[in-house]
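J.: Structure incoming, see below.
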Amino acid sequence: MEHTIAAISTSTMSSGGISIVRMSGKDAIEIADKVFVSKKNIRLSEVESHTVHYGSITDRNGNIIDEVLAVVMRAPNTYTREDVVEIDCHGGILVTRKVLEALIGAGASPAEPGEFTKRAFLNGRIDLSQAEAVIDVINSKNEYALKSSVSQLDGKLSEKIKEIREMILNHVAYIEAALDDPEHISLDNYVQNILNDVDKCVESVNKLLKTSDNGRIMRDGIRTVILGKTNAGKSSLLNALAREERAIVTDIEGTTRDVLEEQINLGGITLNLTDTAGIRNTDDYVESIGVEKAKKYAQEADLIIFVVDSSRPLDKNDEEIISLIKDKKVLVLLNKSDMKREISREDLSRLERFKTVSVSAKNETGLEELEQAIKEMFFEGKISFNEEIYITNVRHKNLLSEALDSLNMVKSGIELQMSEDFLTIDLMTAYEKLGMIIGEEVEDDLADRIFSKFCMGK
Ligand SMILES: Nc1nc2c(ncn2[C@@H]2O[C@H](COP(=O)(O)OP(=O)(O)OP(=O)(O)O)[C@@H](O)[C@H]2O)c(=O)[nH]1
Ligand SMILES: [Mg+2]
């Protein structure tokens with residue numbers, strides 16, 4: 001990496017207690033020395049690695065910009081594996097910018113977004129999936145998403161991918177070696193070995209892919225649509241969950257006409273809640289558009305919260321909703337639990353196949369049961385992070401699907417009794433696709449493996 005980069009690493013949107021300007025590259029320490037004046041008269045180029053020094057940063061006229069702490073970290077034990085200097089300054093936005101300007105004036109280049117992490121990847125400290133996890137950690141909206149990103153950053157996903165790739169590569173290497181040296185290495189009955197391992201790989205990839213739905217939900221939130229007839233209390237529920245008066249609530253039927261979206265955090269999981277117009281036949285043109293919109297949103301939802309007014313018997317609007325949502329994940333809320341229940345036993349049996357919770361949106365009771373029910377529906381009540389890896393990234397998901405296609409091609413190739421060198425084509429494609437998840441090159445690996453494992457001493 002030729003140039004040394006610098007950027008403000010803490011938030012640039014608001015002032016904090018302190019802010020950090022970070023610099024990375026081979027000239028980082030030299031550049032810092034040009035603008036840093038130590039209280040003890042020492043030069044950063046002479047200090048030990050991973051030490052902190054008190055002093056000030058001065059502009060080109062020698063005027064003090066800020067009192068700072070300079071942290072010197074020499075390669076390779078740094079975030080980027082390059083020499084890194086961090087300047088901790090007082091948190092003001094203007095001051096921090098001036099410190100950055102001073103570093104740039106002394107020879108650093110402004111860093112591109114993500115460039116520190118990119119260097120960590122290019123210098124081999126982390127792989128691609130870990131680099132992506134860094135971004136996910138930063139963007140995590142809730143506790144679960146954060147835990148999952150941290151486990152990915154820790155290399156859990158990479159380990160799993162490497163394990164699968166290892167299995168594939170062994171077979172490719174064996175086949176290649178056998179083709180090169182048929183006298184010593186035999187391919188008789190070898191396909192059975194390939195088939196066994198390919199089955200294992202398919203199983204592992206499938207398992208990872210299956211987590212991707214939960215992964216997306218964890219990361220971006222559950223697309224939740226509140227559906228119900230007019231006056232059931234949908235907007236009241238949205239307000240109760242959002243803890244503010246987001247939607248207009250009145251006792252007039254047809255109050256909500258448009259969709260209204262709100263993101264909420266419910267005990268660590270994110271819900272992207274949509275309040276909708278009450279389902280009914282209406283002559284009101286605007287309202288009827290709202291009703292159509294509600295139905296359309298319902299089709300795309302991960303979860304439907306069907307709000308039933310338990311103080312009234314079910315009617316044909318409720319019937320219509322029941323048929324609309326028959327293929328969806330549904331949680332029924334028997335709302336207005338504070339009032340006399342008028343919904344019949346027979347009606348209740350119609351709702352039996354859905355998970356049901358009694359609430360009062362008005363008095364805000366039953367909301368904890370609601371939270372628990374959602375957790376059970378999506379994460380079986382618990383999420384374990386120790387063994388389980390969640391696919392939260394669309395790029396990873398697509399690559400896994402592509403790898404799975406290739407593995408299945410290998411299986412049908414075996415069924416069709418294709419020759420082994422033909423099978424290696426699809427094996428290699430699967431290997432490559434998986435490698436792209438962690439950003440690994442292919443050719444070198446294969447060469448290394450063949451030479452180290454099969455051609456020893458030749
Ligand atoms: N007693 C009681 N009243 C409730 C409860 N939830 C809602 N309400 C009342 O029911 C009426 C309708 O509430 P909304 O939240 O506007 O109902 P909605 O389903 O959004 O209605 P539309 O927007 O017209 O489809 C209001 O007068 C609320 O105060 C509840 O749990 N108990
Ligand atoms: Mg409403």
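In the structure tokens, the first chain shown is A, the next is B, and so on; residue numbers restart at 1 for each chain, and ligands run from 1 in the order shown.
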Residues within 8 Å of ligand 2, counting only C-alpha atoms and all ligand atoms: report them as a ChimeraX atom specification.
T.: /A:230-231,233-236,247-250,254-257,275-278
J.: Compile the contact shell of segment 303-314 of chain A as a ChimeraX atom specification: residues with an atom at most 8 Å away, counting only C-alpha atoms, same-chain residues fewer than 4 positions apart removed.
T.: /A:222-229,231-234,298,318-319,325,328-337,339-344,347
J.: Taking 2 positions as the minimum chain separation for residues in the same chain, which residues sit within 9 Å of segment 23-32 of chain A when counting only C-alpha atoms? Answer as a ChimeraX atom specification.
T.: /A:1-8,21,34-36,44-45,57,70,72-75,80-87,103-104,106-108,111,116
J.: From a backbone DSSP assignment, name each residue in segment 89-316 of chain A labelled helix (DSSP H, G or I), as a ChimeraX atom specification.
T.: /A:93-105,115-122,128-139,143-153,156-180,190-220,234-242,285-300,316
J.: Work out how far atom CA of Phe378 of chain A is from atom CA of Gln130 of chain A, in Å to one decimal.
T.: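 Distance reported for this atom pair: 25.7 Å.
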J.: Could you go through segment 35-142 of chain A and tell me which residues DSSP, when run on the backbone, assigns to strand (DSSP E), listing them as a count of residues only?
T.: 30
J.: Would you compute the distance between atom CA of Arg125 of chain A and atom CA of His396 of chain A? Give it in Å to one decimal.
T.: 19.9 Å
J.: Using only C-alpha atoms, which protein or nucleic acid residues come within 12 Å of segment 416-419 of chain A? Drop anything in the same chain fewer than 6 positions from it, and give the result as a list in words.
T.: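 In the requested form, the answer reads Ile175, Leu179, Leu187, Asp188, Asn189, Tyr190, Val191, Gln192, Leu195, Met409, Val410, Ile425 and Asp426 of chain A.
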J.: Please save N, CA and C atoms of the selected residues as a compact mmCIF listing (two decimals), in the first residue's frame.
T.:
```txt
# COMPACT_ATOMS: atom_id res chain seq x y z
N ILE A 175 -8.29 -36.40 -7.87
CA ILE A 175 -8.61 -36.74 -9.27
C ILE A 175 -7.51 -36.23 -10.21
N LEU A 179 -5.16 -38.49 -12.55
CA LEU A 179 -5.11 -38.36 -14.00
C LEU A 179 -3.68 -38.15 -14.48
N LEU A 187 -8.40 -44.54 -9.69
CA LEU A 187 -9.72 -43.93 -9.53
C LEU A 187 -10.83 -44.97 -9.44
N ASP A 188 -10.43 -46.25 -9.35
CA ASP A 188 -11.46 -47.30 -9.27
C ASP A 188 -12.34 -47.09 -8.04
N ASN A 189 -13.62 -47.13 -8.26
CA ASN A 189 -14.61 -46.96 -7.19
C ASN A 189 -14.48 -45.65 -6.42
N TYR A 190 -13.75 -44.73 -7.00
CA TYR A 190 -13.52 -43.49 -6.24
C TYR A 190 -14.78 -42.63 -6.14
N VAL A 191 -15.66 -42.74 -7.15
CA VAL A 191 -16.85 -41.86 -7.14
C VAL A 191 -17.68 -42.00 -5.87
N GLN A 192 -17.68 -43.18 -5.30
CA GLN A 192 -18.47 -43.36 -4.08
C GLN A 192 -17.97 -42.41 -2.98
N LEU A 195 -19.23 -39.00 -3.79
CA LEU A 195 -20.66 -38.89 -3.49
C LEU A 195 -20.91 -38.71 -2.00
N MET A 409 -25.10 -30.64 -9.39
CA MET A 409 -24.65 -31.06 -10.73
C MET A 409 -23.64 -32.22 -10.60
N VAL A 410 -22.80 -32.13 -9.58
CA VAL A 410 -21.84 -33.21 -9.37
C VAL A 410 -22.60 -34.52 -9.12
N ILE A 425 -15.10 -30.25 -12.82
CA ILE A 425 -15.52 -28.92 -13.27
C ILE A 425 -16.54 -28.34 -12.30
N ASP A 426 -17.55 -29.13 -11.98
CA ASP A 426 -18.58 -28.63 -11.06
C ASP A 426 -18.08 -28.54 -9.63
```
J.: Excluding Ala131 of chain A and its own-chain neighbours fewer than 3 positions away, which residues fall within 8 Å of it when counting only C-alpha atoms? Please give them as a VMD selection string.
T.: chain A and resid 117 to 118 121 126 to 128 134 to 135 153
J.: Hey, which of A:Met428, A:Leu434, A:Ala133, A:Ala240 ends up closest to ligand 1? Count only C-alpha atoms and all ligand atoms.
T.: A:Ala240
J.: Using only C-alpha atoms, which of the listed residues (A:Leu423, A:Val150, A:Leu208, A:Leu157) sits closest to His171 of chain A?
T.: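 Among the listed residues, the smallest separation from His171 of chain A belongs to A:Leu423.
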J.: Nearest to ligand 1: which of A:Ser323, A:Asn239, A:Gln372, A:Asn272 is it, counting only C-alpha atoms and all ligand atoms?
T.: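 So, comparing all the options, the nearest one is A:Asn239.
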J.: Between A:Glu253, A:Glu115, A:Asp33, A:Asp181, which has the minimum distance to ligand 1 (counting only C-alpha atoms and all ligand atoms)?
T.: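 With only C-alpha atoms and all ligand atoms as the atom set, the closest residue is A:Glu253.
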J.: Considering only C-alpha atoms and all ligand atoms, state which residue in the set A:Met167, A:Ile438, A:Leu324, A:Ala294 is at the smallest distance from ligand 1.
T.: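 With only C-alpha atoms and all ligand atoms as the atom set, the closest residue is A:Ala294.
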